[in-house]
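Everything on this sheet refers to the single structure shown next.
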Amino acid sequence: MSYRRRASPLHAARAAAGCAYCLSLLVAALVLSAPVALGAVVLAILGAGVAAGVGRELGRAARFATVLGLAVMLINALVVRDGLTVIARLGDLPVFGQTDVTLEATVAGAVLGMRAIALVLCGALYTAAVDPDQVLALFRRFSFHSALTATLATRMVPVLSRDARRLAEAQRCRPGPPPSRGRLVRAATSGVLDRALDVAAALEVRGYGAARRASGTGGSARPWSRHDLAFAASAVAITGLAVGGRLAGLERFSADPALHAPVGAGELAVAIGLVICALLPFADRRGIER
Amino acid sequence: MSVLVLDRVTYTYPGASTPALVDVSLEVAPGELVVLAGGSGSGKSTLLRAANGLVPHFHGGVFAGRAIVAGMDTREHGPGELAAAAGTLFQDPETQVVMGTVRAELALPLENRGEAAPAVARGVEEVALALGIANLLDRPTDELSGGELQRVALGAALVGRPQLILLDEPTSQLDPVAGDELIALLRRLSEDFDTAIVLAEHRLERCLPFADRAIAMRGGSVVCDASPTDFLAWACAEAHELATPGARLLFGLGAAPAAGVKAARSALRSRGLLITGPAPPASEVRRSGREAIRFDRVWHELDRGPAILRGVSLSIGAGERVALMGRNGAGKSTLLRHTAGLMRPTRGKIERAGRVALLLQNPTDYLVHDRVQQEASAGALTTVGLGDRAFRERHPRELSGGEKQRLALAIVLDDPQREAVLVCLDEPTRGMDRRRKDELAALLCELDAAVLVATHDPEFAATFAQRVILLADGAPIADGSPSEVLTGGTYFATETARILGGAGGALRPEDGVALLTAVSKVEA
């Protein structure tokens with residue numbers, strides 16, 4: 001998965017606003033524990049992905065995240081001994097010992113799994129909809145060389161994956177038995193070093209070695225667009241709802257000793273508010289093409 | 001004041017026994033377009049690297065003499081500082097483009113110099129407009145074609161308005177159209193912005209007509225430094241491999257060599273030798289009875305993407321030598337992959353009479369062992385002219401480009417149980433000098449198997465091929481003998497054919513000399 005500029009309000013927003021928006025959804029997923037609120041975060045991220053035109057990318061991430069979530073749920077059910085309602089007695093298992101699966105541990109695992117899904121989807125939304133070059137430009141203000149090194153590491157990934165495809169194709173063209181994996185790894189490593197040298201030379205002649213911070217003079221900064229403002233406001237609202245709800249004493253999910261999954265008016269209000277705040281910036285689609 | 005001064009520069013790479021540059025002295029004035037000529041390993045690339053400071057700051061080694069770039073001594077100023085005065089463009093665009101989008105790529109050199117955001121934005125806009133890549137600004141760099149990437153890399157080299165641009169075989173990976181566009185662009189930059197340009201190239205016929213001066217290198221030394229016309233006269237007399245086809249044609253007729261088609265035609269006209277003959281008659285390409293491969297309405301359609309091959313139907317006879325031409329993206333590499341079974345058609349079928357050997361663009365990808373003799377059998381090495389015992393002990397990655405090519409060819413041919421009926425090569429002449437191209441052509445002509453070579457180089461196609469297929473948009477648009485296909489156009493035609501306007505189907509200088517000599521005798 002990688003960033004592609006698309007005609008969407010999120011892509012049109014500056015990276016700072018896009019980052020803040022994704023970060024606020026991440027904070028909401030970490031701070032909230034009520035299943036209804038976590039479900040709302042997942043729904044909000046998926047909705048944002050579809051509205052940003054990256055639904056297919058998020059769909060792929062969701063498949064991976066679902067497997068991860070189920071794995072979290074399963075491991076929690078097998079490992080955690082809390083809970084009073086036994087739903088399966090598995091006997092004496094290797095590694096796990098005497099294992100009784102409880103409803104409470106299973107549901108707690110499901111909630112943890114849902115949080116994992118939300119976090120993965122959040123990362124996927126960020127990757128697909130926030131321009132990494134702009135993000136790195138942001139960080140260059142703090143550490144120019146570190147940010148550029150990170151850019152290069154990112155750039156080397158597609159270059160090296162293309163190299164790997166080429167190497168594999170070339171080996172398919174060899175008659176007779178294929179070379180051992182060790183040989184191929186050595187050949188690939190040599191290729192990577194060659195590539196890294198080429199890229200390093202290219203950077204040198206682009207002035208990387210003498211890089212210095214921007215003088216910061218000579219004109220005004222780029223003005224904030226309607227989408228910059230909308231996503232920044234959305235980020236503030238989502239964070240406010242999540243943190244505010246937590247501070248305001250919204251009931252928390254608990255599974256020990258008995259299940260308690262609050263679905264009161266407060267939880268529902270926060271959940272609905274989250275979805276609305278997350279999707280509202282996508283309503284304004286003026287000026288999204290570049 | 002000269003923008004580049006090399007004063008008695010001698011340089012030896014770390015661990016090398018012989019110097020790569022020997023006592024090189026030259027000066028380049030502002031606005032001058034200088035072509036660097038010479039065979040592989042003659043020192044062209046090292047000279048460029050000495051001018052941008054990579055030698056010695058990046059590569060290390062022993063450096064003597066002085067290199068001054070825009071008043072800065074490279075011993076005191078590293079490549080980072082010199083970058084403000086000297087932009088560099090290397091051969092492989094893929095490794096020079098380091099950012100995710102074109103806009104970010106063009107902005108990087110200015111940001112490195114600490115320019116303020118508005119100045120960066122302005123510089124990016126101006127260079128994008130100058131190079132005609134404004135429409136690419138927001139495109140991801142990993143979606144661009146080779147030609148587009150090379151333009152972007154050139155933009156990154158130019159964005160800081162350097163006084164000097166150094167280019168190391170920038171057209172070697174481009175099709176003739178994109179290559180000609182790039183050279184014309186350089187000429188315009190030189191004229192409009194007074195930018196000095198030093199361009200190392202093997203395909204001299206492409207760039208000499210635009211050059212102010214040509215410098216020939218051999219063994220790390222400058223052996224000729226003259227105007228293009230004088231350079232060609234020197235090359236015809238002393239370094240035949242550096243003479244352009246047009247120059248060899250004129251030289252063969254006893255005329256003074258000239259750079260470019262227009263000048264060559266003018267020279268012929270003044271001697272009354274310019275003939276306008278009819279295009280060669282369409283002739284049936286000689287085919288043997290047996291077929292090595294047959295494509296029957298083959299399509300290759302990408303999932304959610306375009307069709308790369310569109311109903312290709314063709315056959316290649318046993319022992320036939322075929323050149324496959326067309327611009328980047330025409331479908332040549334895809335067609336070759338289908339011949340060897342690396343890809344399967346989405347519609348249609350392919351019938352092969354036996355094994356197909358395929359040599360892809362980068363021969364290094366085939367080399368995985370520590371000794372040449374481990375890569376291929378002695379018989380296969382002998383077939384490709386690498387049978388020398390001392391050679392077999394060498395490490396494959398230490399070989400020259402041409403030797404790697406031959407070794408990779410030996411690897412794909414090396415199956416005594418199943419001799420290849422068809423040998424396919426994808427752009428085998430990239431970055432090769434003329435001598436190596438001639439050696440490769442001779443080798444291909446010696447093979448018993450049929451040969452199919454995808455190439456952008458009409459001169460190479462004219463040397464080895466019996467038949468030329470021109471591909472466009474995934475389908476053949478011309479299929480005939482070289483003298484039919486390579487005389488009819490501008491981009492996919494040899495220089496001799498362009499000079500003679502296709503008369504007599506002459507493709508190579510020798511053909512042209514024979515034709516014009518015969519005509520002049522008849523007229524006499």
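Labels used: A, B, ... for chains in the order of the structure tokens, numbers from 1 for residues in each chain, and numbers from 1 for ligands as shown.
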For chain A, work out the contacting residues on chain B at 7 Å, counting only C-alpha atoms, and write them as number ranges by chain. B: 79-81, 83, 87-88, 95-96, 98-100, 104, 109, 111-116, 118, 140, 357-358, 360, 365-366, 368-369, 411-412, 414-415
Written selection (C-alpha atoms) as a PDB file, in the first residue's frame:
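The resulting part-v6.pdb:
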```
ATOM      1  CA  PRO B  79      29.703  17.556  -4.004  1.00  0.00           C
ATOM      2  CA  GLY B  80      27.081  19.094  -1.723  1.00  0.00           C
ATOM      3  CA  GLU B  81      28.503  22.585  -2.164  1.00  0.00           C
ATOM      4  CA  ALA B  83      25.736  20.986  -6.469  1.00  0.00           C
ATOM      5  CA  GLY B  87      23.871  19.699 -11.785  1.00  0.00           C
ATOM      6  CA  THR B  88      24.408  16.044 -12.596  1.00  0.00           C
ATOM      7  CA  THR B  95      18.246   5.462  -8.724  1.00  0.00           C
ATOM      8  CA  GLN B  96      18.458   9.235  -9.041  1.00  0.00           C
ATOM      9  CA  VAL B  98      14.583   9.693  -4.467  1.00  0.00           C
ATOM     10  CA  MET B  99      11.300  11.293  -3.445  1.00  0.00           C
ATOM     11  CA  GLY B 100       7.727  10.070  -3.694  1.00  0.00           C
ATOM     12  CA  ALA B 104       9.001  16.800  -3.902  1.00  0.00           C
ATOM     13  CA  PRO B 109      17.829  20.386  -4.168  1.00  0.00           C
ATOM     14  CA  GLU B 111      15.426  22.640   0.191  1.00  0.00           C
ATOM     15  CA  ASN B 112      18.924  21.228   0.615  1.00  0.00           C
ATOM     16  CA  ARG B 113      20.248  24.694  -0.079  1.00  0.00           C
ATOM     17  CA  GLY B 114      18.043  26.115   2.632  1.00  0.00           C
ATOM     18  CA  GLU B 115      15.802  28.116   0.291  1.00  0.00           C
ATOM     19  CA  ALA B 116      12.601  29.505   1.791  1.00  0.00           C
ATOM     20  CA  PRO B 118       8.141  30.459  -1.649  1.00  0.00           C
ATOM     21  CA  PRO B 140       4.074   9.537  -7.868  1.00  0.00           C
ATOM     22  CA  ALA B 357      16.346 -18.666 -23.930  1.00  0.00           C
ATOM     23  CA  LEU B 358      15.665 -15.156 -22.666  1.00  0.00           C
ATOM     24  CA  LEU B 360      16.600  -9.751 -19.777  1.00  0.00           C
ATOM     25  CA  ASP B 365      20.624 -10.355 -12.295  1.00  0.00           C
ATOM     26  CA  TYR B 366      21.787 -13.695 -13.698  1.00  0.00           C
ATOM     27  CA  VAL B 368      24.943 -15.471  -8.479  1.00  0.00           C
ATOM     28  CA  HIS B 369      28.185 -17.452  -8.167  1.00  0.00           C
ATOM     29  CA  ILE B 411      23.982 -18.967 -18.742  1.00  0.00           C
ATOM     30  CA  VAL B 412      20.686 -18.895 -20.609  1.00  0.00           C
ATOM     31  CA  ASP B 414      23.650 -23.544 -21.202  1.00  0.00           C
ATOM     32  CA  ASP B 415      21.362 -26.571 -21.435  1.00  0.00           C
TER      33      ASP B 415
END
```
DSSP on the backbone: which residues in segment 34-129 of chain A end up as strand (DSSP E or B)? Give the answer as a list in words.
Val86, Ile87, Ala88, Arg89, Leu90, Gly91, Asp92, Leu93, Gly97, Gln98, Thr99, Asp100, Val101 and Thr102 of chain A
Export N, CA and C atoms of the chosen residues as a PDB file, in the first residue's frame?
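New file out_38.pdb:
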```
ATOM      1  N   VAL A  86     -17.593 -20.196  32.362  1.00  0.00           N
ATOM      2  CA  VAL A  86     -16.776 -21.090  31.523  1.00  0.00           C
ATOM      3  C   VAL A  86     -17.605 -21.559  30.326  1.00  0.00           C
ATOM      4  N   ILE A  87     -17.074 -21.366  29.147  1.00  0.00           N
ATOM      5  CA  ILE A  87     -17.827 -21.813  27.958  1.00  0.00           C
ATOM      6  C   ILE A  87     -17.161 -23.012  27.288  1.00  0.00           C
ATOM      7  N   ALA A  88     -15.912 -23.323  27.657  1.00  0.00           N
ATOM      8  CA  ALA A  88     -15.267 -24.525  27.097  1.00  0.00           C
ATOM      9  C   ALA A  88     -14.160 -24.979  28.041  1.00  0.00           C
ATOM     10  N   ARG A  89     -14.142 -26.289  28.301  1.00  0.00           N
ATOM     11  CA  ARG A  89     -13.062 -26.858  29.112  1.00  0.00           C
ATOM     12  C   ARG A  89     -12.161 -27.645  28.163  1.00  0.00           C
ATOM     13  N   LEU A  90     -10.965 -27.127  27.948  1.00  0.00           N
ATOM     14  CA  LEU A  90     -10.068 -27.751  26.961  1.00  0.00           C
ATOM     15  C   LEU A  90      -9.080 -28.720  27.600  1.00  0.00           C
ATOM     16  N   GLY A  91      -9.116 -28.820  28.920  1.00  0.00           N
ATOM     17  CA  GLY A  91      -8.237 -29.774  29.600  1.00  0.00           C
ATOM     18  C   GLY A  91      -6.807 -29.260  29.697  1.00  0.00           C
ATOM     19  N   ASP A  92      -5.906 -30.201  29.809  1.00  0.00           N
ATOM     20  CA  ASP A  92      -4.492 -29.853  29.999  1.00  0.00           C
ATOM     21  C   ASP A  92      -3.802 -29.718  28.635  1.00  0.00           C
ATOM     22  N   LEU A  93      -3.519 -28.480  28.220  1.00  0.00           N
ATOM     23  CA  LEU A  93      -2.890 -28.252  26.905  1.00  0.00           C
ATOM     24  C   LEU A  93      -1.400 -27.985  27.083  1.00  0.00           C
ATOM     25  N   GLY A  97      -1.224 -25.256  29.828  1.00  0.00           N
ATOM     26  CA  GLY A  97      -1.618 -25.964  31.044  1.00  0.00           C
ATOM     27  C   GLY A  97      -3.119 -26.198  31.069  1.00  0.00           C
ATOM     28  N   GLN A  98      -3.700 -26.237  32.297  1.00  0.00           N
ATOM     29  CA  GLN A  98      -5.154 -26.460  32.432  1.00  0.00           C
ATOM     30  C   GLN A  98      -5.874 -25.248  31.847  1.00  0.00           C
ATOM     31  N   THR A  99      -6.706 -25.460  30.847  1.00  0.00           N
ATOM     32  CA  THR A  99      -7.316 -24.342  30.120  1.00  0.00           C
ATOM     33  C   THR A  99      -8.839 -24.424  30.152  1.00  0.00           C
ATOM     34  N   ASP A 100      -9.407 -23.419  30.776  1.00  0.00           N
ATOM     35  CA  ASP A 100     -10.851 -23.227  30.722  1.00  0.00           C
ATOM     36  C   ASP A 100     -11.118 -21.900  30.026  1.00  0.00           C
ATOM     37  N   VAL A 101     -11.866 -21.920  28.937  1.00  0.00           N
ATOM     38  CA  VAL A 101     -12.162 -20.685  28.199  1.00  0.00           C
ATOM     39  C   VAL A 101     -13.397 -20.047  28.818  1.00  0.00           C
ATOM     40  N   THR A 102     -13.256 -18.763  29.205  1.00  0.00           N
ATOM     41  CA  THR A 102     -14.409 -18.085  29.805  1.00  0.00           C
ATOM     42  C   THR A 102     -15.006 -17.072  28.839  1.00  0.00           C
TER      43      THR A 102
END
```
**Request:** Have a look at atom CA of Arg188 of chain B and atom CA of Tyr491 of chain B and let me know their distance in Å, one decimal.
**Result:**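 Atom CA of Tyr491 of chain B lies 20.0 Å from atom CA of Arg188 of chain B.
Of the listed residues A:Ala77, A:Ala65, A:Ala52, A:Val36, the one whose atoms come nearest to Pro262 of chain A is A:Val36, with distances taken using only C-alpha atoms.
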Can you tell me, as a ChimeraX atom specification, what residues are no more than 8 Å from segment 269-278 of chain A when counting only C-alpha atoms, ignoring any on the same chain fewer than 2 positions away? /A:36-41,43-45,48,234-235,237-238,241-242,245,265-267,280-281
Just write the chosen residues, N, CA, C and O atoms, as a PDB file, in the first residue's frame.
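In the end it all went to out-v3.pdb:
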```pdb
ATOM      1  N   VAL A  36     -19.230  -0.049  21.864  1.00  0.00           N
ATOM      2  CA  VAL A  36     -19.999   0.769  20.926  1.00  0.00           C
ATOM      3  C   VAL A  36     -19.137   1.945  20.418  1.00  0.00           C
ATOM      4  O   VAL A  36     -19.202   2.318  19.232  1.00  0.00           O
ATOM      5  N   ALA A  37     -18.318   2.480  21.298  1.00  0.00           N
ATOM      6  CA  ALA A  37     -17.464   3.603  20.898  1.00  0.00           C
ATOM      7  C   ALA A  37     -16.330   3.115  19.980  1.00  0.00           C
ATOM      8  O   ALA A  37     -16.006   3.769  18.972  1.00  0.00           O
ATOM      9  N   LEU A  38     -15.776   1.970  20.324  1.00  0.00           N
ATOM     10  CA  LEU A  38     -14.720   1.416  19.465  1.00  0.00           C
ATOM     11  C   LEU A  38     -15.271   1.066  18.083  1.00  0.00           C
ATOM     12  O   LEU A  38     -14.637   1.292  17.051  1.00  0.00           O
ATOM     13  N   GLY A  39     -16.497   0.503  18.098  1.00  0.00           N
ATOM     14  CA  GLY A  39     -17.151   0.193  16.818  1.00  0.00           C
ATOM     15  C   GLY A  39     -17.345   1.452  16.002  1.00  0.00           C
ATOM     16  O   GLY A  39     -17.163   1.462  14.780  1.00  0.00           O
ATOM     17  N   ALA A  40     -17.684   2.535  16.702  1.00  0.00           N
ATOM     18  CA  ALA A  40     -17.879   3.811  15.994  1.00  0.00           C
ATOM     19  C   ALA A  40     -16.565   4.296  15.383  1.00  0.00           C
ATOM     20  O   ALA A  40     -16.543   4.848  14.275  1.00  0.00           O
ATOM     21  N   VAL A  41     -15.455   4.090  16.101  1.00  0.00           N
ATOM     22  CA  VAL A  41     -14.150   4.515  15.560  1.00  0.00           C
ATOM     23  C   VAL A  41     -13.832   3.727  14.282  1.00  0.00           C
ATOM     24  O   VAL A  41     -13.416   4.294  13.260  1.00  0.00           O
ATOM     25  N   LEU A  43     -15.944   2.268  12.309  1.00  0.00           N
ATOM     26  CA  LEU A  43     -16.882   2.721  11.271  1.00  0.00           C
ATOM     27  C   LEU A  43     -16.434   4.064  10.689  1.00  0.00           C
ATOM     28  O   LEU A  43     -16.466   4.279   9.465  1.00  0.00           O
ATOM     29  N   ALA A  44     -15.993   4.953  11.580  1.00  0.00           N
ATOM     30  CA  ALA A  44     -15.557   6.284  11.122  1.00  0.00           C
ATOM     31  C   ALA A  44     -14.340   6.167  10.196  1.00  0.00           C
ATOM     32  O   ALA A  44     -14.273   6.847   9.159  1.00  0.00           O
ATOM     33  N   ILE A  45     -13.415   5.299  10.563  1.00  0.00           N
ATOM     34  CA  ILE A  45     -12.208   5.166   9.722  1.00  0.00           C
ATOM     35  C   ILE A  45     -12.569   4.569   8.366  1.00  0.00           C
ATOM     36  O   ILE A  45     -12.115   5.041   7.314  1.00  0.00           O
ATOM     37  N   ALA A  48     -14.287   7.159   6.352  1.00  0.00           N
ATOM     38  CA  ALA A  48     -13.324   8.157   5.859  1.00  0.00           C
ATOM     39  C   ALA A  48     -12.531   7.593   4.685  1.00  0.00           C
ATOM     40  O   ALA A  48     -12.271   8.303   3.706  1.00  0.00           O
ATOM     41  N   SER A 234     -11.853  18.886  12.685  1.00  0.00           N
ATOM     42  CA  SER A 234     -12.352  17.532  12.942  1.00  0.00           C
ATOM     43  C   SER A 234     -11.448  16.809  13.933  1.00  0.00           C
ATOM     44  O   SER A 234     -11.911  16.132  14.850  1.00  0.00           O
ATOM     45  N   ALA A 235     -10.134  16.968  13.756  1.00  0.00           N
ATOM     46  CA  ALA A 235      -9.179  16.303  14.655  1.00  0.00           C
ATOM     47  C   ALA A 235      -9.368  16.793  16.085  1.00  0.00           C
ATOM     48  O   ALA A 235      -9.376  15.998  17.029  1.00  0.00           O
ATOM     49  N   ALA A 237     -12.091  18.064  17.353  1.00  0.00           N
ATOM     50  CA  ALA A 237     -13.389  17.595  17.854  1.00  0.00           C
ATOM     51  C   ALA A 237     -13.331  16.121  18.251  1.00  0.00           C
ATOM     52  O   ALA A 237     -13.856  15.728  19.308  1.00  0.00           O
ATOM     53  N   ILE A 238     -12.707  15.304  17.423  1.00  0.00           N
ATOM     54  CA  ILE A 238     -12.627  13.865  17.723  1.00  0.00           C
ATOM     55  C   ILE A 238     -11.819  13.650  19.014  1.00  0.00           C
ATOM     56  O   ILE A 238     -12.230  12.899  19.903  1.00  0.00           O
ATOM     57  N   LEU A 241     -13.895  14.791  21.934  1.00  0.00           N
ATOM     58  CA  LEU A 241     -14.954  13.845  22.278  1.00  0.00           C
ATOM     59  C   LEU A 241     -14.393  12.636  23.026  1.00  0.00           C
ATOM     60  O   LEU A 241     -14.958  12.203  24.049  1.00  0.00           O
ATOM     61  N   ALA A 242     -13.291  12.103  22.512  1.00  0.00           N
ATOM     62  CA  ALA A 242     -12.724  10.890  23.103  1.00  0.00           C
ATOM     63  C   ALA A 242     -12.151  11.166  24.493  1.00  0.00           C
ATOM     64  O   ALA A 242     -12.518  10.501  25.473  1.00  0.00           O
ATOM     65  N   GLY A 245     -14.939  12.562  26.836  1.00  0.00           N
ATOM     66  CA  GLY A 245     -15.827  11.483  27.285  1.00  0.00           C
ATOM     67  C   GLY A 245     -15.178  10.674  28.388  1.00  0.00           C
ATOM     68  O   GLY A 245     -15.824  10.325  29.380  1.00  0.00           O
ATOM     69  N   ALA A 265     -26.762   6.426  27.176  1.00  0.00           N
ATOM     70  CA  ALA A 265     -26.930   7.590  26.298  1.00  0.00           C
ATOM     71  C   ALA A 265     -25.595   8.272  26.039  1.00  0.00           C
ATOM     72  O   ALA A 265     -25.307   8.724  24.919  1.00  0.00           O
ATOM     73  N   GLY A 266     -24.766   8.331  27.082  1.00  0.00           N
ATOM     74  CA  GLY A 266     -23.459   8.991  26.937  1.00  0.00           C
ATOM     75  C   GLY A 266     -22.596   8.287  25.917  1.00  0.00           C
ATOM     76  O   GLY A 266     -21.995   8.926  25.032  1.00  0.00           O
ATOM     77  N   GLU A 267     -22.538   6.962  26.004  1.00  0.00           N
ATOM     78  CA  GLU A 267     -21.702   6.192  25.061  1.00  0.00           C
ATOM     79  C   GLU A 267     -22.218   6.358  23.633  1.00  0.00           C
ATOM     80  O   GLU A 267     -21.446   6.542  22.685  1.00  0.00           O
ATOM     81  N   LEU A 280     -17.764  14.542   8.543  1.00  0.00           N
ATOM     82  CA  LEU A 280     -18.247  15.856   8.110  1.00  0.00           C
ATOM     83  C   LEU A 280     -17.274  16.571   7.147  1.00  0.00           C
ATOM     84  O   LEU A 280     -17.719  17.171   6.161  1.00  0.00           O
ATOM     85  N   PRO A 281     -15.969  16.531   7.380  1.00  0.00           N
ATOM     86  CA  PRO A 281     -15.063  17.257   6.449  1.00  0.00           C
ATOM     87  C   PRO A 281     -15.140  16.771   5.006  1.00  0.00           C
ATOM     88  O   PRO A 281     -14.731  17.470   4.094  1.00  0.00           O
TER      89      PRO A 281
END
```
For this session: Would you list, as a list in words, the residues of segment 197-249 of chain B that end up in alpha helix (DSSP H) under DSSP run on this structure's backbone?
Result: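 Residues of segment 197-249 of chain B classed as alpha helix (DSSP H): Leu204, Glu205, Arg206, Cys207, Pro228, Thr229, Asp230, Phe231, Leu232, Ala233, Trp234, Ala235, Cys236, Ala237, Glu238, Pro245, Gly246, Ala247, Arg248 and Leu249 of chain B.
Atom CA of His227 of chain A lies 8.6 Å from atom CA of Phe282 of chain A.
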Note to self: Which residues are close to Thr490 of chain B, i.e. within 10 Å by only C-alpha atoms, leaving aside same-chain residues fewer than 5 positions away? Reply as number ranges by chain.
What the structure shows: B: 176-177, 495, 497-498, 501
Skip Phe63 of chain B itself and residues of its chain fewer than 6 positions away, then list as a list in words all residues within 10 Å of it, counting only C-alpha atoms.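 Those residues are Val9, Thr10, Tyr11, Thr12, Tyr13, Pro19, Leu21, Ala50, Val55, Pro56, His57 and Arg75 of chain B.
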As a check of understanding: the span from atom CA of Gly329 of chain B to atom CA of Gly489 of chain B is 19.1 Å
Practice problem: Excluding Thr463 of chain B and residues on its chain fewer than 4 positions from it, collect all residues at most 9 Å away from it, counting only C-alpha atoms, and give them as a list in words. | Solution: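 The residues satisfying every condition are Asp438, Ala441, Ala442, Pro458, Glu459, Leu507 and Arg508 of chain B.
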Residue neighbourhood Val5 of chain B, 6 Å, only C-alpha atoms, exclusion window fewer than 2 positions, as number ranges by chain
B: 26-27, 67-68
Could you check the closest approach to Ala200 of chain B for each of B:Ser221, B:Thr496, B:Ser42, B:Asn328 and tell me which residue wins, using only C-alpha atoms?
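Checking each candidate against Ala200 of chain B, we get B:Ser42 as the closest.
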